[in-house]
Amino acid sequence: MRFGVVVFPGTWSDRDCGWVIERVLGAEVRYLWHRQSDLEGADCVILPGGFSYGDYLRPGAIARFSPVMEAVREFAEHGGLVWGICNGFQVLCEAGLLPGALIRNTCLEFRCQWVNLRCERDDLPFTHAIGDRVLRMPIAHQEGNYQADPATLSQLEARGQVVFRYCDERGERGGEANPNGSAHDIAGIVNPRGNVLGMMPHPERCAEADLGGTDGLFLFRSVLEVACSMAGIDRRSARGDRR
Amino acid sequence: MSGLVIDEGTLREVALTREEYAEIVRRLGREPNRLELGMLGVLWSEHCSYKSSRPLLRRLPSSGPRVLQGPGENAGVVDIGQGWAVVFKVESHNHPSAVEPYQGAATGVGGILRDVLAMGARPVALLDSLRFGPLPGSRRHLEGVVGGIGGYGNCVGVPTVGGEIYFDEGYAGNPLVNAMCVGLMRADRLRRARAGEAGNLLVLAGSPTGRDGLHGASFASLELDEAWAERRPAVQVGNPFLEKCLLEACLELVDLKGVVGLQDLGAAGLTSAAAEVAARTGVGARIETTWVPRREAGMTPYEVMLSESQERMLVVVEPGCEAQVVQACTKWDLEAKVIGEVTADGDLSVLEAGAEVARLPIELLTGGVPTRQLRPQPPASRRSPPRLPPLPPAEVQAALLRLLRSPNLGSRQPVFRRYDHMVGNATVLPPGGDAAVLRVLGTSLGLAMTIDGNARYCRLDPFVGAQIAVAEAARNLVATGARPLALTDCLNLGNPERPEVAWQLEQVIEGIATACRAFQLPVVSGNVSLYNESPQGAIDPTVVVGMVGLLKDHRRRIPAGFQEPGDVVLLVGQTARELGGSEYLKVIHGVVHGPPPSLDLARERAAQSLVLEAAAEGLLRSAHDVAEGGLLVALVECCLLGGLGCQGRLVAPDDLGLDALLFGESQGRFLLSAHPRALPRLQALAARHTIELTVLGTVGGEVLRLEGLVEVPLAEARRAWEGALHD
């Protein structure tokens with residue numbers, strides 16, 4: 001299975017994603033430069049974290065105009081798996097592939113810390129291996145406060161598009177569990193078709209015990225399994241997973 | 001001398017003395033023109049030339065079997081095995097941060113990143129040592145500096161993994177910002193900032209040159225006066241996004257065959273960068289100022305040569321290879337242009353549209369400044385220490401909680417969470433403990449790193465204080481199980497023309513040298529920042545030591561917090577009747593007097609060896625340095641970091657006193673926790689090193705209880721500790 005990891009100028013989670021894909025998951029990675037419009041046969045395209053083009057205007061506001069984003073849009077329209085993490089989520093919202101916007105954290109500060117996540121949908125290609133466990137994952141952002149107008153929010157809820165919510169370690173919402181003020185404690189959403197996921201937490205930072213947790217691996221494994229079954233191949237023959 | 005037509009105003013603008021000007025005229029055989037005078041002014045500034053400190057700095061040991069590059073380059077380089085080398089340096093950005101905290105701190109981070117990059121290394125970690133006046137008065141500075149460090153580091157994508165913050169009255173008018181960067185590279189990829197042969201081309205890459213930061217280096221070499229607000233134009237503005245692109249482009253350049261050297265443009269801009277690369281190979285350089293990409297029209301050669309615009313790099317390339325360099329930069333949307341060439345004549349010549357507007361011997365620029373003779377004079381003897389009332393057992397708990405609330409001792413979490421300390425997937429021991437540990441991806445190696453220094457000790461005794469700075473940095477690394485490799489130092493002092501400051505400078509350098517010899521640690525890079533004075537006076541002599549250590553297997557790293565209920569809690573080392581310079585004296589009795597804790601270098605080494613051996617044998621569950629705040633504060637930190645309480649018993653020997661036992665800051669001490677089964681082996685190791693090992697109690701519960709002294713719920717201690725940085 002092949003992941004494509006998009007690199008904008010200012011992206012910095014590209015290498016972290018690549019490390020997990022190659023060295024932990026045992027899959028293949030291709031780095032996709034922002035100027036190219038060829039996705040090089042990727043089964044899943046990741047838009048990783050960073051400050052694309054410096055994000056001086058608004059996070060993701062410039063990146064959405066990149067040639068690679070045209071290809072990503074087309075890929076998504078054909079059902080391809082698109083996964084935005086942190087800055088990637090911001091880019092997907094700016095590009096209109098996901099509704100809503102990510103504004104400044106209510107504390108007005110950058111936050112780098114571990115959070116707990118409740119997974120609301122385990123029927124997605126990104127999440128089916130998660131089950132009903134509460135995930136522990138790092139965040140690192142200043143603009144992770146998800147907001148949308150009331151109609152959009154109720155539509156998201158009605159269609160089950162909210163995938164991750166901030167919660168405490170027992171899975172309960174409220175109080176200090178929400179680190180940035182997001183509406184409905186939203187940490188990640190998916191498009192109606194279920195193939196475009198945006199999330200603020202960083203699963204690529206918690207795929208090894210050495211880094212303090214392995215919950216991020218559930219997402220990477222989910223994608224690997226789905227992509228391999230879609231391609232009709234046994235995942236072990238796609239170099240399998242080593243852990 | 002009276003025949004020279006130079007007025008005081010012009011000399012003050014370039015921060016040169018009349019004697020220095022006379023020396024320039026004597027060496028040149030003529031008077032310099034205005035551009036030449038400006039170029040000499042910045043390169044002869046204390047900031048660039050180290051004219052006061054250079055003779056003293058030679059006393060620092062700088063070599064060792066693992067040292068690939070010592071002082072004199074952009075950063076020091078140390079071999080860590082398996083084909084890898086670690087690159088690091090600390091540098092001050094004090095004056096800019098005093099005037100404009102956010103941009104001052106941000107560009108300090110940017111500058112130190114490029115120093116490491118210039119060696120061909122990828123920056124993998126940042127650390128910062130910060131000093132402010134007391135809260136809440138210093139809130140604006142604290143917020144600005146922390147915001148600037150985060151704003152730059154987070155955007156560039158290099159994790160900030162460590163640091164320290166102290167508050168003291170002496171920094172109210174002159175806060176300190178020292179930034180350290182650690183990089184990694186394949187040892188065979190080491191680049192040096194050399195010009196190479198005549199005919200090589202000089203390519204300027206990165207940001208276009210603007211009018212910002214003119215005279216920054218000279219500004220850094222003056223005391224901060226009342227007119228500081230007018231100095232704002234001397235502070236540069238950072239663009240971390242551009243830096244990130246420059247970083248990636250330069251790492252691609254390192255792999256190109258025709259690239260001879262990389263040089264960061266920092267203080268004194270193009271003048272310094274061109275002179276330094278030429279000086280290192282004894283050649284000259286010619287620069288055509290009209291070829292330099294600019295931000296605005298109408299810039300004079302003076303402005304082009306002295307601009308301190310950020311995010312620029314000078315690349316020396318063999319002729320014929322410049323197109324590849326330009327191409328690599330264009331990929332990252334960076335401008336890169338040939339702006340001159342290396343010459344054989346030994347001069348730095350500056351052209352404007354073909355006409356020569358300046359010509360100065362490189363040797364005069366980089367080595368010509370006369371050494372400033374210091375007149376060191378120790379200060380008059382100190383007053384005798386006040387008599388302190390004894391600390392009754394009933395007041396221990398209240399004293400502990402007051403100390404935990406002290407901004408100098410409380411949790412740094414409110415600051416660290418504003419820095420991305422995880423990007424890079426290498427941070428295996430995050431900030432908050434004794435030292436951070438990063439794994440070297442693809443190997444078993446771990447790098448431990450810390451930045452440390454107690455200026456109060458240095459004020460009371462600069463010789464001992466500087467030794468303690470080295471010893472404590474080493475102790476921090478050892479607590480994680482890492483063997484110290486080498487260090488970088490930043491010496492922040494007042495005006496060296498004052499005899500007492502000159503004496504402090506001499507003493508701290510002698511102190512560092514003495515400790516380095518005892519620990520066999522080389523100083524591979526460093527920085528001296530003088531003239532840290534405000535109308536309120538000079539700062540305390542502030543020695544900041546950045547140190548890097550090696551773990552052969554990063555999985556054997558030791559955390560600082562308690563890990564398992566039932567583990568035995570042990571104290572390594574001896575507690576003496578010494579409270580001088582302690583946070584206890586300052587917080588509880590409102591006094592700072594000395595002497596600082598004594599330091600027996602041999603015993604310190606033995607204690608560190610004991611911990612390293614115990615860690616290597618896998619005997620330790622946790623290890624923590626006993627530092628500011630003393631034993632009881634360290635014990636609380638172990639509890640809070642691990643989320644586990646501790647029950648124990650402490651007996652004060654008759655001559656010690658409860659205050660010294662609990663809150664004294666005796667050196668060479670560690671708090672360990674271990675499985676009870678490991679105790680006999682630990683005791684045997686301690687006996688072999690003839691180091692005291694005392695059983696204090698057992699890990700467990702949600703309370704810290706010391707019989708008859710303290711019984712504090714962790715939640716209460718945590719509230720005090722975590723609230724310390726709030727107003």
# chains A, B, ... in the order shown; residues from 1 in each chain; ligands from 1
$ residues_around --residues "Leu620 in chain B" --least-positions-apart "2" --cutoff "8 Å" --atoms "only C-alpha atoms" --output "NGL selection string"
:B and (558 or 614-615 or 618 or 622-623 or 672-675)
$ write_last_selection --atoms "N, CA and C atoms" --output "compact mmCIF listing (two decimals), in the first residue's frame"
# COMPACT_ATOMS: atom_id res chain seq x y z
N ILE B 558 16.33 7.37 32.17
CA ILE B 558 15.72 7.35 33.50
C ILE B 558 14.87 8.62 33.66
N ALA B 614 24.75 2.80 38.18
CA ALA B 614 23.47 2.22 38.60
C ALA B 614 22.47 2.23 37.45
N ALA B 615 22.48 3.33 36.67
CA ALA B 615 21.57 3.42 35.53
C ALA B 615 21.93 2.38 34.48
N GLY B 618 20.69 -0.92 35.13
CA GLY B 618 19.23 -1.05 35.15
C GLY B 618 18.66 -1.09 36.55
N SER B 622 13.89 5.86 38.93
CA SER B 622 13.89 7.30 38.68
C SER B 622 15.14 7.92 39.30
N ALA B 623 15.51 9.10 38.77
CA ALA B 623 16.66 9.83 39.33
C ALA B 623 16.40 11.31 39.12
N LEU B 672 16.96 9.15 44.24
CA LEU B 672 16.73 7.99 43.38
C LEU B 672 15.53 7.22 43.89
N SER B 673 14.90 6.47 42.98
CA SER B 673 13.98 5.44 43.45
C SER B 673 14.32 4.16 42.72
N ALA B 674 14.13 3.04 43.45
CA ALA B 674 14.53 1.75 42.90
C ALA B 674 13.69 0.65 43.52
N HIS B 675 13.62 -0.48 42.84
CA HIS B 675 12.96 -1.64 43.43
C HIS B 675 13.75 -2.04 44.68
$ select_by_dssp --residues "range 682-722 of chain B" --states "strand (DSSP E)" --output "mmCIF file with C-alpha atoms, in the first residue's frame"
data_model
loop_
_atom_site.group_PDB
_atom_site.id
_atom_site.type_symbol
_atom_site.label_atom_id
_atom_site.label_comp_id
_atom_site.auth_asym_id
_atom_site.auth_seq_id
_atom_site.Cartn_x
_atom_site.Cartn_y
_atom_site.Cartn_z
ATOM 1 C CA LEU B 693 23.482 6.559 50.280
ATOM 2 C CA THR B 694 20.576 7.163 52.659
ATOM 3 C CA VAL B 695 17.227 5.386 52.579
ATOM 4 C CA LEU B 696 14.540 8.053 52.940
ATOM 5 C CA GLY B 697 11.330 6.101 52.537
ATOM 6 C CA THR B 698 8.945 4.381 50.155
ATOM 7 C CA VAL B 699 7.028 5.485 47.054
ATOM 8 C CA VAL B 703 0.474 12.211 50.187
ATOM 9 C CA LEU B 704 4.050 13.219 50.888
ATOM 10 C CA ARG B 705 4.590 12.301 54.520
ATOM 11 C CA LEU B 706 7.803 12.775 56.445
ATOM 12 C CA VAL B 710 5.414 17.220 56.636
ATOM 13 C CA GLU B 711 2.124 15.705 55.648
ATOM 14 C CA VAL B 712 0.975 17.331 52.438
ATOM 15 C CA PRO B 713 -1.554 15.911 49.956
#
$ residues_around --residues "range 67-84 of chain B" --least-positions-apart "6" --cutoff "10 Å" --atoms "only C-alpha atoms" --output "JSON, numbers by chain"
{"B": [57, 58, 61, 90, 112, 114, 115, 116, 117, 118, 119, 121, 181, 182, 183, 184, 185, 186, 187, 188, 189, 190, 191, 192, 193, 194, 262, 263, 264, 276, 277, 280, 440, 443, 444, 445, 446, 447, 485, 486, 487, 488, 522, 523, 524, 525, 526, 527, 548, 549, 550, 551, 552]}
$ write_last_selection --atoms "C-alpha atoms" --output "JSON list (two decimals), in the first residue's frame"
[["chain", "number", "residue", "atom", "x", "y", "z"],
["B", 57, "LEU", "CA", 38.56, 32.42, 26.87],
["B", 58, "ARG", "CA", 41.75, 30.68, 25.77],
["B", 61, "PRO", "CA", 39.70, 23.42, 27.57],
["B", 90, "VAL", "CA", 24.29, 28.73, 22.77],
["B", 112, "ILE", "CA", 21.18, 30.02, 16.56],
["B", 114, "ARG", "CA", 21.42, 29.06, 11.27],
["B", 115, "ASP", "CA", 24.65, 28.66, 13.23],
["B", 116, "VAL", "CA", 23.99, 24.94, 13.53],
["B", 117, "LEU", "CA", 22.77, 24.76, 9.93],
["B", 118, "ALA", "CA", 26.01, 26.37, 8.71],
["B", 119, "MET", "CA", 27.89, 23.27, 9.87],
["B", 121, "ALA", "CA", 23.55, 19.77, 10.38],
["B", 181, "CYS", "CA", 20.33, 24.78, 19.28],
["B", 182, "VAL", "CA", 21.32, 21.15, 18.88],
["B", 183, "GLY", "CA", 21.74, 19.61, 15.43],
["B", 184, "LEU", "CA", 22.52, 16.19, 14.03],
["B", 185, "MET", "CA", 24.54, 15.23, 11.00],
["B", 186, "ARG", "CA", 26.44, 12.38, 9.47],
["B", 187, "ALA", "CA", 29.99, 12.97, 10.71],
["B", 188, "ASP", "CA", 31.38, 12.81, 7.16],
["B", 189, "ARG", "CA", 29.10, 15.66, 6.05],
["B", 190, "LEU", "CA", 30.72, 18.26, 8.30],
["B", 191, "ARG", "CA", 30.90, 21.66, 6.61],
["B", 192, "ARG", "CA", 33.10, 24.51, 7.66],
["B", 193, "ALA", "CA", 32.49, 28.14, 6.85],
["B", 194, "ARG", "CA", 35.53, 28.52, 4.61],
["B", 262, "LEU", "CA", 28.02, 27.92, 4.43],
["B", 263, "GLN", "CA", 28.06, 30.98, 6.65],
["B", 264, "ASP", "CA", 25.16, 32.42, 8.61],
["B", 276, "GLU", "CA", 34.89, 35.52, 8.53],
["B", 277, "VAL", "CA", 34.81, 33.03, 5.65],
["B", 280, "ARG", "CA", 39.41, 31.27, 7.92],
["B", 440, "VAL", "CA", 18.74, 9.55, 17.08],
["B", 443, "THR", "CA", 19.93, 4.11, 15.82],
["B", 444, "SER", "CA", 19.78, 3.06, 19.47],
["B", 445, "LEU", "CA", 21.50, 6.31, 20.52],
["B", 446, "GLY", "CA", 19.92, 8.91, 22.76],
["B", 447, "LEU", "CA", 21.02, 12.50, 23.23],
["B", 485, "LEU", "CA", 29.98, 14.73, 26.25],
["B", 486, "ALA", "CA", 30.76, 18.43, 25.92],
["B", 487, "LEU", "CA", 29.35, 21.86, 26.64],
["B", 488, "THR", "CA", 28.67, 25.27, 25.25],
["B", 522, "PRO", "CA", 35.53, 20.25, 26.48],
["B", 523, "VAL", "CA", 33.87, 23.59, 25.75],
["B", 524, "VAL", "CA", 33.16, 23.35, 22.02],
["B", 525, "SER", "CA", 31.37, 26.63, 21.42],
["B", 526, "GLY", "CA", 30.11, 29.63, 23.30],
["B", 527, "ASN", "CA", 29.23, 33.25, 23.53],
["B", 548, "VAL", "CA", 24.86, 17.43, 25.73],
["B", 549, "GLY", "CA", 25.23, 13.83, 26.86],
["B", 550, "LEU", "CA", 24.98, 10.42, 25.26],
["B", 551, "LEU", "CA", 22.95, 7.32, 26.03],
["B", 552, "LYS", "CA", 24.12, 4.28, 24.08]]
$ residues_around --residues "range 676-680 of chain B" --least-positions-apart "2" --cutoff "7 Å" --atoms "only C-alpha atoms" --output "ChimeraX atom specification"
/B:567-568,619,674,682-684
$ interface_residues --of "chain B" --to "chain A" --cutoff "10 Å" --atoms "only C-alpha atoms" --output "PDB file with N, CA and C atoms, in the first residue's frame"
ATOM      1  N   GLY B 147       6.447  34.089  23.913  1.00  0.00           N
ATOM      2  CA  GLY B 147       5.697  34.127  22.657  1.00  0.00           C
ATOM      3  C   GLY B 147       6.622  34.101  21.444  1.00  0.00           C
ATOM      4  N   GLY B 150       8.253  30.600  21.017  1.00  0.00           N
ATOM      5  CA  GLY B 150       7.269  29.664  20.493  1.00  0.00           C
ATOM      6  C   GLY B 150       6.889  30.000  19.059  1.00  0.00           C
ATOM      7  N   GLY B 151       6.643  31.291  18.819  1.00  0.00           N
ATOM      8  CA  GLY B 151       6.207  31.704  17.487  1.00  0.00           C
ATOM      9  C   GLY B 151       7.210  31.325  16.420  1.00  0.00           C
ATOM     10  N   ASN B 154       8.010  26.989  16.823  1.00  0.00           N
ATOM     11  CA  ASN B 154       6.872  26.166  16.420  1.00  0.00           C
ATOM     12  C   ASN B 154       6.679  26.202  14.909  1.00  0.00           C
ATOM     13  N   CYS B 155       6.887  27.370  14.310  1.00  0.00           N
ATOM     14  CA  CYS B 155       6.670  27.514  12.874  1.00  0.00           C
ATOM     15  C   CYS B 155       7.773  26.823  12.084  1.00  0.00           C
ATOM     16  N   VAL B 156       9.009  26.905  12.576  1.00  0.00           N
ATOM     17  CA  VAL B 156      10.130  26.288  11.871  1.00  0.00           C
ATOM     18  C   VAL B 156      10.063  24.761  11.960  1.00  0.00           C
ATOM     19  N   GLY B 157       9.401  24.262  13.013  1.00  0.00           N
ATOM     20  CA  GLY B 157       9.277  22.812  13.136  1.00  0.00           C
ATOM     21  C   GLY B 157      10.475  22.159  13.788  1.00  0.00           C
ATOM     22  N   VAL B 158      11.131  22.904  14.685  1.00  0.00           N
ATOM     23  CA  VAL B 158      12.212  22.330  15.496  1.00  0.00           C
ATOM     24  C   VAL B 158      11.704  22.358  16.937  1.00  0.00           C
ATOM     25  N   ASN B 239      11.235  36.030  10.278  1.00  0.00           N
ATOM     26  CA  ASN B 239      10.277  35.391   9.387  1.00  0.00           C
ATOM     27  C   ASN B 239      10.544  33.885   9.421  1.00  0.00           C
ATOM     28  N   PRO B 240       9.912  33.186  10.386  1.00  0.00           N
ATOM     29  CA  PRO B 240      10.245  31.775  10.583  1.00  0.00           C
ATOM     30  C   PRO B 240       9.915  30.899   9.371  1.00  0.00           C
ATOM     31  N   PHE B 241       8.920  31.277   8.601  1.00  0.00           N
ATOM     32  CA  PHE B 241       8.570  30.494   7.420  1.00  0.00           C
ATOM     33  C   PHE B 241       9.734  30.513   6.422  1.00  0.00           C
ATOM     34  N   LEU B 242      10.288  31.718   6.229  1.00  0.00           N
ATOM     35  CA  LEU B 242      11.431  31.822   5.328  1.00  0.00           C
ATOM     36  C   LEU B 242      12.606  31.001   5.862  1.00  0.00           C
ATOM     37  N   GLU B 243      12.788  31.043   7.176  1.00  0.00           N
ATOM     38  CA  GLU B 243      13.869  30.271   7.804  1.00  0.00           C
ATOM     39  C   GLU B 243      13.698  28.777   7.531  1.00  0.00           C
ATOM     40  N   LYS B 244      12.467  28.296   7.645  1.00  0.00           N
ATOM     41  CA  LYS B 244      12.195  26.878   7.398  1.00  0.00           C
ATOM     42  C   LYS B 244      12.578  26.515   5.954  1.00  0.00           C
ATOM     43  N   CYS B 245      12.226  27.370   5.021  1.00  0.00           N
ATOM     44  CA  CYS B 245      12.575  27.105   3.618  1.00  0.00           C
ATOM     45  C   CYS B 245      14.090  27.164   3.430  1.00  0.00           C
ATOM     46  N   GLU B 248      15.673  23.939   4.771  1.00  0.00           N
ATOM     47  CA  GLU B 248      15.544  22.776   3.881  1.00  0.00           C
ATOM     48  C   GLU B 248      16.424  22.955   2.645  1.00  0.00           C
ATOM     49  N   LYS B 331      13.667  26.150  -5.815  1.00  0.00           N
ATOM     50  CA  LYS B 331      12.683  25.125  -5.466  1.00  0.00           C
ATOM     51  C   LYS B 331      11.921  25.537  -4.205  1.00  0.00           C
ATOM     52  N   TRP B 332      12.626  26.170  -3.272  1.00  0.00           N
ATOM     53  CA  TRP B 332      12.005  26.595  -2.014  1.00  0.00           C
ATOM     54  C   TRP B 332      11.547  28.055  -2.074  1.00  0.00           C
ATOM     55  N   ASP B 333      11.415  28.578  -3.276  1.00  0.00           N
ATOM     56  CA  ASP B 333      10.960  29.956  -3.481  1.00  0.00           C
ATOM     57  C   ASP B 333      11.885  30.977  -2.819  1.00  0.00           C
ATOM     58  N   GLN B 413       5.494  24.024  33.316  1.00  0.00           N
ATOM     59  CA  GLN B 413       4.534  23.508  32.346  1.00  0.00           C
ATOM     60  C   GLN B 413       3.768  24.619  31.608  1.00  0.00           C
ATOM     61  N   PRO B 414       3.361  25.704  32.317  1.00  0.00           N
ATOM     62  CA  PRO B 414       2.649  26.776  31.590  1.00  0.00           C
ATOM     63  C   PRO B 414       3.479  27.369  30.449  1.00  0.00           C
ATOM     64  N   VAL B 415       4.794  27.227  30.508  1.00  0.00           N
ATOM     65  CA  VAL B 415       5.654  27.715  29.425  1.00  0.00           C
ATOM     66  C   VAL B 415       5.890  26.616  28.393  1.00  0.00           C
ATOM     67  N   PHE B 416       6.232  25.428  28.854  1.00  0.00           N
ATOM     68  CA  PHE B 416       6.573  24.365  27.901  1.00  0.00           C
ATOM     69  C   PHE B 416       5.411  23.983  27.001  1.00  0.00           C
ATOM     70  N   ARG B 417       4.193  24.090  27.526  1.00  0.00           N
ATOM     71  CA  ARG B 417       3.071  23.676  26.671  1.00  0.00           C
ATOM     72  C   ARG B 417       2.832  24.674  25.545  1.00  0.00           C
ATOM     73  N   ARG B 418       3.494  25.819  25.586  1.00  0.00           N
ATOM     74  CA  ARG B 418       3.368  26.775  24.486  1.00  0.00           C
ATOM     75  C   ARG B 418       4.418  26.527  23.405  1.00  0.00           C
ATOM     76  N   TYR B 419       5.308  25.580  23.672  1.00  0.00           N
ATOM     77  CA  TYR B 419       6.327  25.207  22.678  1.00  0.00           C
ATOM     78  C   TYR B 419       5.994  23.817  22.144  1.00  0.00           C
ATOM     79  N   ASP B 420       6.113  23.632  20.851  1.00  0.00           N
ATOM     80  CA  ASP B 420       6.013  22.287  20.288  1.00  0.00           C
ATOM     81  C   ASP B 420       7.295  21.550  20.655  1.00  0.00           C
ATOM     82  N   HIS B 421       7.184  20.590  21.585  1.00  0.00           N
ATOM     83  CA  HIS B 421       8.396  19.866  21.987  1.00  0.00           C
ATOM     84  C   HIS B 421       8.416  18.449  21.427  1.00  0.00           C
ATOM     85  N   MET B 422       7.457  18.144  20.533  1.00  0.00           N
ATOM     86  CA  MET B 422       7.361  16.767  20.038  1.00  0.00           C
ATOM     87  C   MET B 422       7.683  16.603  18.558  1.00  0.00           C
ATOM     88  N   VAL B 423       7.597  17.693  17.792  1.00  0.00           N
ATOM     89  CA  VAL B 423       7.787  17.550  16.352  1.00  0.00           C
ATOM     90  C   VAL B 423       9.161  16.934  16.077  1.00  0.00           C
ATOM     91  N   GLY B 424       9.212  16.044  15.094  1.00  0.00           N
ATOM     92  CA  GLY B 424      10.447  15.332  14.792  1.00  0.00           C
ATOM     93  C   GLY B 424      10.428  13.889  15.270  1.00  0.00           C
ATOM     94  N   ASN B 425       9.386  13.548  16.057  1.00  0.00           N
ATOM     95  CA  ASN B 425       9.227  12.172  16.549  1.00  0.00           C
ATOM     96  C   ASN B 425      10.485  11.626  17.205  1.00  0.00           C
ATOM     97  N   ALA B 426      11.202  12.491  17.945  1.00  0.00           N
ATOM     98  CA  ALA B 426      12.441  12.034  18.563  1.00  0.00           C
ATOM     99  C   ALA B 426      12.457  12.250  20.072  1.00  0.00           C
ATOM    100  N   THR B 427      11.544  13.078  20.591  1.00  0.00           N
ATOM    101  CA  THR B 427      11.599  13.448  22.013  1.00  0.00           C
ATOM    102  C   THR B 427      11.094  12.296  22.873  1.00  0.00           C
ATOM    103  N   VAL B 428      12.005  11.490  23.396  1.00  0.00           N
ATOM    104  CA  VAL B 428      11.593  10.329  24.185  1.00  0.00           C
ATOM    105  C   VAL B 428      11.531  10.661  25.671  1.00  0.00           C
ATOM    106  N   LEU B 429      12.168  11.750  26.096  1.00  0.00           N
ATOM    107  CA  LEU B 429      11.979  12.252  27.461  1.00  0.00           C
ATOM    108  C   LEU B 429      11.678  13.735  27.328  1.00  0.00           C
ATOM    109  N   PRO B 430      10.410  14.110  27.546  1.00  0.00           N
ATOM    110  CA  PRO B 430       9.989  15.488  27.273  1.00  0.00           C
ATOM    111  C   PRO B 430      10.500  16.464  28.329  1.00  0.00           C
ATOM    112  N   LEU B 438      16.475  12.964  23.394  1.00  0.00           N
ATOM    113  CA  LEU B 438      16.004  12.721  22.029  1.00  0.00           C
ATOM    114  C   LEU B 438      16.694  11.484  21.488  1.00  0.00           C
ATOM    115  N   ARG B 439      15.925  10.650  20.819  1.00  0.00           N
ATOM    116  CA  ARG B 439      16.558   9.500  20.177  1.00  0.00           C
ATOM    117  C   ARG B 439      17.135   9.962  18.842  1.00  0.00           C
ATOM    118  N   LEU B 441      17.153   9.014  15.312  1.00  0.00           N
ATOM    119  CA  LEU B 441      16.314   8.110  14.529  1.00  0.00           C
ATOM    120  C   LEU B 441      17.160   7.136  13.719  1.00  0.00           C
ATOM    121  N   GLY B 442      16.751   5.880  13.766  1.00  0.00           N
ATOM    122  CA  GLY B 442      17.457   4.862  13.006  1.00  0.00           C
ATOM    123  C   GLY B 442      18.614   4.243  13.766  1.00  0.00           C
ATOM    124  N   HIS B 554      18.813   4.599  24.103  1.00  0.00           N
ATOM    125  CA  HIS B 554      17.871   5.581  24.652  1.00  0.00           C
ATOM    126  C   HIS B 554      16.751   4.925  25.442  1.00  0.00           C
ATOM    127  N   ARG B 555      16.554   3.622  25.253  1.00  0.00           N
ATOM    128  CA  ARG B 555      15.501   2.948  26.018  1.00  0.00           C
ATOM    129  C   ARG B 555      15.883   2.780  27.481  1.00  0.00           C
TER     130      ARG B 555
END
$ residues_around --residues "Thr514 in chain B" --least-positions-apart "4" --cutoff "8 Å" --atoms "only C-alpha atoms" --output "ChimeraX atom specification"
/B:467,510,518
$ write_last_selection --atoms "C-alpha atoms" --output "CSV table (one decimal), in the first residue's frame"
chain,number,residue,atom,x,y,z
B,467,GLN,CA,32.0,25.5,38.7
B,510,GLU,CA,38.5,30.2,35.7
B,518,ALA,CA,37.8,17.9,36.6
$ atom_distance --atom1 "CA of Cys458 in chain B" --atom2 "CA of Pro496 in chain B"
15.7 Å
$ closest_atom_pairs --of "range 71-166 of chain A" --to "range 213-228 of chain A" --cutoff "6 Å" --atoms "only C-alpha atoms" --output "JSON lines"
{"residue": "A:Pro125", "atom": "CA", "partner": "A:Val223", "partner_atom": "CA", "distance": 5.6}
{"residue": "A:Phe126", "atom": "CA", "partner": "A:Val223", "partner_atom": "CA", "distance": 5.2}
{"residue": "A:Thr127", "atom": "CA", "partner": "A:Leu219", "partner_atom": "CA", "distance": 5.5}
{"residue": "A:His128", "atom": "CA", "partner": "A:Ser222", "partner_atom": "CA", "distance": 5.7}
{"residue": "A:Ala129", "atom": "CA", "partner": "A:Ser222", "partner_atom": "CA", "distance": 5.3}
{"residue": "A:Ile130", "atom": "CA", "partner": "A:Phe218", "partner_atom": "CA", "distance": 5.6}
{"residue": "A:Leu135", "atom": "CA", "partner": "A:Asp215", "partner_atom": "CA", "distance": 5.9}
$ residues_around --residues "range 85-92 of chain A" --least-positions-apart "2" --cutoff "8 Å" --atoms "only C-alpha atoms" --output "PyMOL selection string"
chain A and resi 46-52+59-61+63-64+83+94-98+101-102+140-141+144+197-202
$ residues_around --residues "Ile691 in chain B" --least-positions-apart "3" --cutoff "7 Å" --atoms "only C-alpha atoms" --output "PDB file with C-alpha atoms, in the first residue's frame"
ATOM      1  CA  GLY B 573      25.413  12.468  48.657  1.00  0.00           C
ATOM      2  CA  ALA B 607      28.351  10.705  42.944  1.00  0.00           C
ATOM      3  CA  ALA B 686      27.905   3.534  46.899  1.00  0.00           C
ATOM      4  CA  ALA B 687      30.450   1.927  49.199  1.00  0.00           C
TER       5      ALA B 687
END
